[in-house]
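K.L.:
To be precise about what I am sending: the file is called model03.csv and holds CSV, C-alpha atoms.
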chain,number,residue,atom,x,y,z
A,1,MET,CA,48.8,166.2,91.3
A,2,ILE,CA,50.3,162.9,92.6
A,3,LYS,CA,53.2,163.2,95.1
A,4,ASP,CA,56.4,161.1,94.7
A,5,LYS,CA,55.7,157.5,95.3
A,6,LYS,CA,57.7,154.3,95.2
A,7,THR,CA,58.9,153.8,91.6
A,8,LEU,CA,60.3,150.8,89.8
A,9,LEU,CA,62.5,151.6,86.8
A,10,ILE,CA,63.0,148.7,84.4
A,11,GLY,CA,65.8,149.1,81.9
A,12,GLY,CA,68.0,151.3,84.0
A,13,SER,CA,71.2,150.5,82.1
A,14,GLY,CA,70.1,152.0,78.8
A,15,ASN,CA,70.5,155.6,77.7
A,16,LEU,CA,67.0,156.7,79.0
A,17,GLY,CA,67.1,154.6,82.1
A,18,SER,CA,70.5,155.9,83.0
A,19,ALA,CA,69.3,159.5,82.5
A,20,ILE,CA,66.3,158.9,84.7
A,21,ILE,CA,68.6,157.7,87.5
A,22,LYS,CA,71.1,160.5,87.1
A,23,SER,CA,68.3,163.1,87.1
A,24,LYS,CA,67.3,162.3,90.7
A,25,LEU,CA,63.8,163.6,89.8
A,26,PHE,CA,62.2,160.4,91.1
A,27,LYS,CA,63.0,160.5,94.8
A,28,ASN,CA,61.9,157.0,95.7
A,29,LEU,CA,63.4,155.1,92.8
A,30,TYR,CA,64.4,151.4,92.7
A,31,TYR,CA,66.4,150.3,89.6
A,32,PRO,CA,67.5,146.6,89.9
A,33,LYS,CA,70.2,145.3,87.6
A,34,LYS,CA,69.1,142.9,84.8
A,35,LYS,CA,70.3,139.8,86.7
A,36,TYR,CA,67.7,140.6,89.4
A,37,LEU,CA,64.9,141.8,87.1
A,38,ASN,CA,64.8,140.3,83.6
A,39,ILE,CA,61.4,140.9,81.9
A,40,LEU,CA,61.8,137.5,80.2
A,41,LYS,CA,61.6,135.8,83.6
A,42,ARG,CA,58.2,136.2,85.2
A,43,LYS,CA,59.4,134.9,88.5
A,44,ASN,CA,61.9,137.8,88.8
A,45,ILE,CA,59.1,140.3,88.2
A,46,LYS,CA,56.7,138.6,90.6
A,47,LYS,CA,59.2,138.5,93.4
A,48,ILE,CA,60.1,142.2,93.1
A,49,LEU,CA,56.5,143.4,92.8
A,50,ASN,CA,55.4,141.5,95.9
A,51,LYS,CA,58.4,142.6,97.9
A,52,HIS,CA,58.4,146.3,97.3
A,53,LYS,CA,54.7,147.3,96.6
A,54,PHE,CA,55.4,149.9,93.9
A,55,ASN,CA,53.0,152.7,93.0
A,56,LEU,CA,54.6,153.5,89.7
A,57,ILE,CA,56.6,151.5,87.1
A,58,ILE,CA,58.6,153.0,84.3
A,59,ASN,CA,59.4,150.5,81.6
A,60,CYS,CA,62.4,151.4,79.5
A,61,ALA,CA,63.5,147.9,78.8
A,62,ALA,CA,63.6,147.2,75.0
A,63,MET,CA,65.7,146.0,72.1
A,64,ALA,CA,65.8,149.4,70.4
A,65,ARG,CA,68.6,149.5,67.9
A,66,ILE,CA,67.0,149.4,64.4
A,67,VAL,CA,69.8,147.5,62.8
A,68,ASP,CA,69.9,144.8,65.5
A,69,CYS,CA,66.1,144.3,65.3
A,70,GLU,CA,66.3,143.9,61.5
A,71,LYS,CA,69.1,141.3,61.9
A,72,ASN,CA,67.5,139.4,64.7
A,73,PRO,CA,63.7,139.8,64.6
A,74,GLU,CA,63.1,136.8,66.8
A,75,LYS,CA,65.0,138.4,69.6
A,76,ALA,CA,63.3,141.7,69.1
A,77,ILE,CA,59.9,140.0,69.3
A,78,LYS,CA,61.0,138.1,72.5
A,79,VAL,CA,62.3,141.2,74.3
A,80,ASN,CA,59.9,143.9,73.1
A,81,ILE,CA,56.6,141.8,73.0
A,82,VAL,CA,57.0,138.7,75.1
A,83,GLY,CA,58.9,140.7,77.8
A,84,THR,CA,56.2,143.3,77.9
A,85,LEU,CA,53.5,140.6,78.1
A,86,ASN,CA,55.3,139.0,81.1
A,87,LEU,CA,55.4,142.4,82.9
A,88,ILE,CA,51.7,143.0,82.2
A,89,LYS,CA,50.7,139.5,83.4
A,90,GLU,CA,52.5,140.0,86.7
A,91,ILE,CA,51.1,143.5,87.2
A,92,LEU,CA,47.6,142.2,86.7
A,93,SER,CA,48.3,139.3,89.0
A,94,TYR,CA,49.6,141.7,91.7
A,95,GLU,CA,46.6,144.0,91.3
A,96,GLU,CA,44.2,141.1,91.7
A,97,LYS,CA,46.1,139.8,94.8
A,98,TYR,CA,46.5,143.1,96.6
A,99,LYS,CA,43.5,145.0,95.2
A,100,LYS,CA,45.8,147.8,94.4
A,101,LYS,CA,46.4,149.5,91.1
A,102,ILE,CA,49.9,150.3,89.7
A,103,LYS,CA,50.5,153.1,87.3
A,104,LEU,CA,52.7,151.9,84.3
A,105,ILE,CA,54.6,154.3,82.1
A,106,HIS,CA,55.6,152.4,79.0
A,107,MET,CA,58.2,153.9,76.6
A,108,SER,CA,57.2,153.5,72.9
A,109,THR,CA,58.4,155.1,69.7
A,110,ASP,CA,57.5,157.4,66.8
A,111,ALA,CA,58.3,154.4,64.6
A,112,VAL,CA,54.8,153.1,65.1
A,113,TYR,CA,53.6,155.8,62.7
A,114,PRO,CA,54.1,155.5,58.9
A,115,SER,CA,56.7,158.3,59.2
A,116,GLN,CA,56.3,159.7,55.7
A,117,LYS,CA,54.3,163.0,56.0
A,118,GLY,CA,54.9,164.0,59.7
A,119,ASN,CA,52.7,165.8,62.2
A,120,TYR,CA,51.3,162.6,63.5
A,121,SER,CA,48.8,162.8,66.3
A,122,GLU,CA,48.0,160.1,68.8
A,123,GLU,CA,44.8,159.3,66.9
A,124,ASP,CA,46.4,158.7,63.5
A,125,THR,CA,46.6,155.3,61.9
A,126,LEU,CA,49.6,153.3,63.0
A,127,GLU,CA,51.7,151.7,60.3
A,128,PRO,CA,55.2,150.8,61.5
A,129,TYR,CA,58.0,150.8,58.8
A,130,ASN,CA,60.5,148.5,60.4
A,131,ILE,CA,60.8,145.5,62.8
A,132,TYR,CA,61.4,147.7,65.8
A,133,GLY,CA,58.3,149.7,65.1
A,134,TRP,CA,56.2,146.6,64.7
A,135,THR,CA,57.3,145.1,68.0
A,136,LYS,CA,56.7,148.4,69.9
A,137,PHE,CA,53.2,148.6,68.2
A,138,SER,CA,52.4,145.2,69.5
A,139,SER,CA,53.7,146.0,73.0
A,140,GLU,CA,51.4,149.0,73.1
A,141,THR,CA,48.5,146.7,72.5
A,142,VAL,CA,49.5,144.6,75.5
A,143,VAL,CA,50.1,147.6,77.8
A,144,ARG,CA,46.5,148.7,77.4
A,145,PHE,CA,45.3,145.8,79.5
A,146,ILE,CA,46.5,147.8,82.5
A,147,ASP,CA,43.9,150.3,83.8
A,148,LYS,CA,46.4,153.0,84.8
A,149,HIS,CA,48.7,152.9,81.8
A,150,VAL,CA,50.6,155.7,80.0
A,151,ILE,CA,52.2,155.0,76.6
A,152,ILE,CA,54.8,157.6,75.6
A,153,ARG,CA,55.7,157.7,71.9
A,154,THR,CA,59.0,159.5,71.4
A,155,ARG,CA,62.4,159.6,69.8
A,156,PHE,CA,65.4,160.8,71.8
A,157,PHE,CA,69.2,161.3,71.7
A,158,ASN,CA,72.0,161.8,74.1
A,159,LYS,CA,73.9,165.0,73.3
A,160,ASN,CA,77.1,163.5,74.7
A,161,LYS,CA,77.0,160.5,72.4
A,162,ILE,CA,76.8,162.2,69.0
A,163,LYS,CA,79.8,160.4,67.5
A,164,PHE,CA,78.7,160.2,63.8
A,165,LYS,CA,80.3,162.6,61.4
A,166,LYS,CA,77.3,163.4,59.2
A,167,SER,CA,73.6,163.8,59.6
A,168,ALA,CA,70.6,164.2,57.2
A,169,THR,CA,69.1,167.6,56.4
A,170,ASP,CA,66.0,166.0,54.9
A,171,LEU,CA,65.1,163.5,57.7
A,172,PHE,CA,62.6,165.2,60.0
A,173,THR,CA,61.6,164.2,63.5
A,174,SER,CA,60.5,165.5,66.9
A,175,ASN,CA,63.7,164.2,68.4
A,176,ILE,CA,64.3,165.4,72.0
A,177,GLU,CA,67.5,165.4,74.1
A,178,VAL,CA,67.3,162.6,76.7
A,179,LYS,CA,67.6,164.9,79.8
A,180,ASP,CA,64.6,167.0,78.5
A,181,LEU,CA,62.7,163.8,77.9
A,182,VAL,CA,63.2,162.7,81.5
A,183,LYS,CA,61.7,166.0,82.7
A,184,LYS,CA,58.6,165.3,80.5
A,185,ILE,CA,58.3,161.8,81.9
A,186,LYS,CA,58.4,163.2,85.5
A,187,MET,CA,55.7,165.7,84.6
A,188,ILE,CA,53.5,163.0,83.1
A,189,SER,CA,54.0,160.7,86.1
A,190,VAL,CA,52.4,163.2,88.5
A,191,ARG,CA,49.4,164.0,86.2
A,192,ASN,CA,46.1,162.2,86.6
A,193,PHE,CA,46.3,160.8,83.0
A,194,THR,CA,45.8,157.5,81.3
A,195,GLY,CA,46.4,156.9,77.6
A,196,THR,CA,48.9,157.6,74.9
A,197,VAL,CA,50.8,160.8,74.4
A,198,ASN,CA,53.5,162.0,71.9
A,199,VAL,CA,56.5,163.5,73.6
A,200,GLY,CA,59.2,165.5,71.8
A,201,LEU,CA,60.1,168.8,70.3
A,202,LYS,CA,58.8,170.9,67.3
A,203,ARG,CA,59.6,169.4,63.9
A,204,HIS,CA,63.2,169.7,62.9
A,205,SER,CA,65.8,167.9,60.8
A,206,ASP,CA,68.3,165.5,62.4
A,207,TYR,CA,71.1,167.7,61.3
A,208,ARG,CA,69.6,170.8,63.0
A,209,ALA,CA,69.0,168.9,66.2
A,210,TYR,CA,72.5,167.4,66.4
A,211,LYS,CA,74.5,170.3,65.1
A,212,LYS,CA,73.7,172.3,68.2
A,213,TYR,CA,75.8,169.9,70.2
A,214,ASN,CA,78.4,168.8,67.6
A,215,LYS,CA,79.8,171.8,65.8
A,216,ASN,CA,81.9,169.6,63.5
A,217,LEU,CA,78.9,167.7,62.2
A,218,LYS,CA,78.6,167.7,58.4
A,219,PRO,CA,75.3,167.7,56.4
A,220,CYS,CA,74.2,164.8,54.2
A,221,LYS,CA,71.1,163.4,52.6
A,222,ARG,CA,68.8,160.7,54.0
A,223,LYS,CA,69.5,158.4,51.0
A,224,ASP,CA,73.2,158.4,52.0
A,225,ILE,CA,72.4,157.1,55.4
A,226,VAL,CA,69.9,154.5,54.1
A,227,LYS,CA,72.5,153.2,51.6
A,228,ASN,CA,75.1,152.8,54.3
A,229,LEU,CA,72.8,151.1,56.9
A,230,ASN,CA,70.7,149.1,54.4
A,231,VAL,CA,67.6,149.6,56.6
A,232,LYS,CA,64.4,151.6,56.2
A,233,LEU,CA,64.4,155.0,57.8
A,234,ALA,CA,61.8,157.6,58.4
A,235,LYS,CA,61.3,160.5,56.0
A,236,ASP,CA,59.2,162.6,58.4
A,237,SER,CA,58.2,161.1,61.7
A,238,SER,CA,57.5,164.4,63.4
A,239,MET,CA,54.6,164.3,65.9
A,240,ASN,CA,51.8,166.6,66.7
A,241,LEU,CA,52.4,167.8,70.3
A,242,ASN,CA,49.1,169.5,71.1
A,243,PHE,CA,47.9,166.8,73.4
A,244,LEU,CA,51.2,167.0,75.4
A,245,LYS,CA,50.7,170.7,75.9
A,246,LYS,CA,47.2,170.1,77.3
A,247,ILE,CA,48.6,167.5,79.8
A,248,GLU,CA,51.3,170.0,80.8
A,249,LYS,CA,48.6,172.5,81.8
A,250,ARG,CA,46.8,170.0,84.0
A,251,LEU,CA,47.2,170.3,87.8
Using structure tokens, write down the structure that the file contains.
P.N.:
Amino acid sequence: MIKDKKTLLIGGSGNLGSAIIKSKLFKNLYYPKKKYLNILKRKNIKKILNKHKFNLIINCAAMARIVDCEKNPEKAIKVNIVGTLNLIKEILSYEEKYKKKIKLIHMSTDAVYPSQKGNYSEEDTLEPYNIYGWTKFSSETVVRFIDKHVIIRTRFFNKNKIKFKKSATDLFTSNIEVKDLVKKIKMISVRNFTGTVNVGLKRHSDYRAYKKYNKNLKPCKRKDIVKNLNVKLAKDSSMNLNFLKKIEKRL
């Protein structure tokens, strides 16, 4: 098991990044604001890597809202693909210069799967169903150029931000509450593991997941949400978590 080491968090202002910071599970954590570290600016990345000599990087930076990605695919490509490529180039340059490997945890999504039949394993065929999924699929390909990489495919929510009034009873996922996801990320960060892993909970409907935290939530059908959003949504993006369980048992 690897002890706590100097960690760089990219995307600390988002829901997941904020939860990682608040958790205090990563004891030696550096989380610069976007004006100091923008993944679209390679000079920013290079400067920070050379200055701080990180052992671990957690990349949460992304354009993640499905509707926004559909409306502005060019920006989604720029942030999710080009931004990741910039990060990878600078990590490789750093490793070549200092002869030192950096472990990279890259946050991906269950949207890389077809999301029709559920129970997707890490070895299943990838077939994204929206712009966001395609950009994250592409970013995964780039991340694999790093020797010590971990790709986490997941879907998460913040129990304090369930503001919608209805949720679908026939839309199934492995959705996990963000605080629980952070604990999983911490566990994975100290395991001697490289590769891709699904992280989430046992298959459940969105309604069942959210109702636990919002007692006033009303049930609806997936078609009602699709009609209102005018975007493609998963039917069943639930993931097989057997590999995650094996990693959890490792010392």
K.L.:
Write out as a PyMOL selection string each polymer residue whose atoms come within 12 Å of A:Asp110, counting all atoms listed in the file; drop sequence neighbours fewer than 6 positions from it.
P.N.:
chain A and resi 116+118-122+124+126-130+132-134+136-137+151-156+172-176+196-200+233-240
K.L.:
Rank A:Arg203, A:His106, A:Lys166, A:Lys161 by their smallest atom-to-atom distance to A:Ile58, using only C-alpha atoms, and report the top residue only.
P.N.:
A:His106
K.L.:
Using only C-alpha atoms, which residue out of A:Ile20, A:Ala111, A:Val178, A:Ile10 lies closest to A:Ile66?
P.N.:
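Checking each of A:Ile20, A:Ala111, A:Val178, A:Ile10 against A:Ile66, counting only C-alpha atoms, the winner is A:Ala111.
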K.L.:
Identify which of the residues A:Ala209, A:Val143, A:Ile188, A:Ile57 lies closest to A:Asn158, counting only C-alpha atoms when measuring atom-to-atom distances.
P.N.:
A:Ala209
K.L.:
Could you check which of A:Lys100, A:His149, A:Lys184, A:Lys89 is closest to A:Lys46, using all atoms listed in the file?
P.N.:
A:Lys89
K.L.:
Quick one: of A:Phe164, A:Tyr207, A:Phe243, A:Tyr36, who's nearest to A:Cys220, counting all atoms listed in the file?
P.N.:
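Using all atoms listed in the file, A:Cys220 sits closest to A:Tyr207.
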K.L.:
Record the distance separating atom CA of A:Val142 and atom CA of A:Lys249, expressed in Å with one decimal.
P.N.:
28.6 Å
K.L.:
For A:Phe145, please output as an mmCIF file with C-alpha atoms, in the frame of the given file all residues within 9 Å (counting only C-alpha atoms; exclusion window: fewer than 4 positions along the same chain).
P.N.:
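Result saved to result.cif:
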data_model
loop_
_atom_site.group_PDB
_atom_site.id
_atom_site.type_symbol
_atom_site.label_atom_id
_atom_site.label_comp_id
_atom_site.auth_asym_id
_atom_site.auth_seq_id
_atom_site.Cartn_x
_atom_site.Cartn_y
_atom_site.Cartn_z
ATOM 1 C CA ILE A 88 51.700 143.000 82.200
ATOM 2 C CA LEU A 92 47.600 142.200 86.700
ATOM 3 C CA THR A 141 48.500 146.700 72.500
ATOM 4 C CA HIS A 149 48.700 152.900 81.800
#
K.L.:
Which residues come within 9 Å of A:Cys69, counting all atoms listed in the file, excluding same-chain residues fewer than 6 positions away, as a ChimeraX atom specification?
P.N.:
/A:63,75-77,130-132
K.L.:
Just want the 12 Å neighbourhood of A:Lys223, counted on only C-alpha atoms, with same-chain residues fewer than 2 positions away dropped. Output as a list in words.
P.N.:
Ser167, Ala168, Thr169, Asp170, Leu171, Cys220, Lys221, Ile225, Val226, Lys227, Asn228, Leu229, Asn230, Val231, Lys232, Leu233, Ala234 and Lys235 of chain A
K.L.:
Write out, as a CSV table (one decimal), in the coordinates of the input, the residues just selected, with C-alpha atoms.
P.N.:
chain,number,residue,atom,x,y,z
A,167,SER,CA,73.6,163.8,59.6
A,168,ALA,CA,70.6,164.2,57.2
A,169,THR,CA,69.1,167.6,56.4
A,170,ASP,CA,66.0,166.0,54.9
A,171,LEU,CA,65.1,163.5,57.7
A,220,CYS,CA,74.2,164.8,54.2
A,221,LYS,CA,71.1,163.4,52.6
A,225,ILE,CA,72.4,157.1,55.4
A,226,VAL,CA,69.9,154.5,54.1
A,227,LYS,CA,72.5,153.2,51.6
A,228,ASN,CA,75.1,152.8,54.3
A,229,LEU,CA,72.8,151.1,56.9
A,230,ASN,CA,70.7,149.1,54.4
A,231,VAL,CA,67.6,149.6,56.6
A,232,LYS,CA,64.4,151.6,56.2
A,233,LEU,CA,64.4,155.0,57.8
A,234,ALA,CA,61.8,157.6,58.4
A,235,LYS,CA,61.3,160.5,56.0
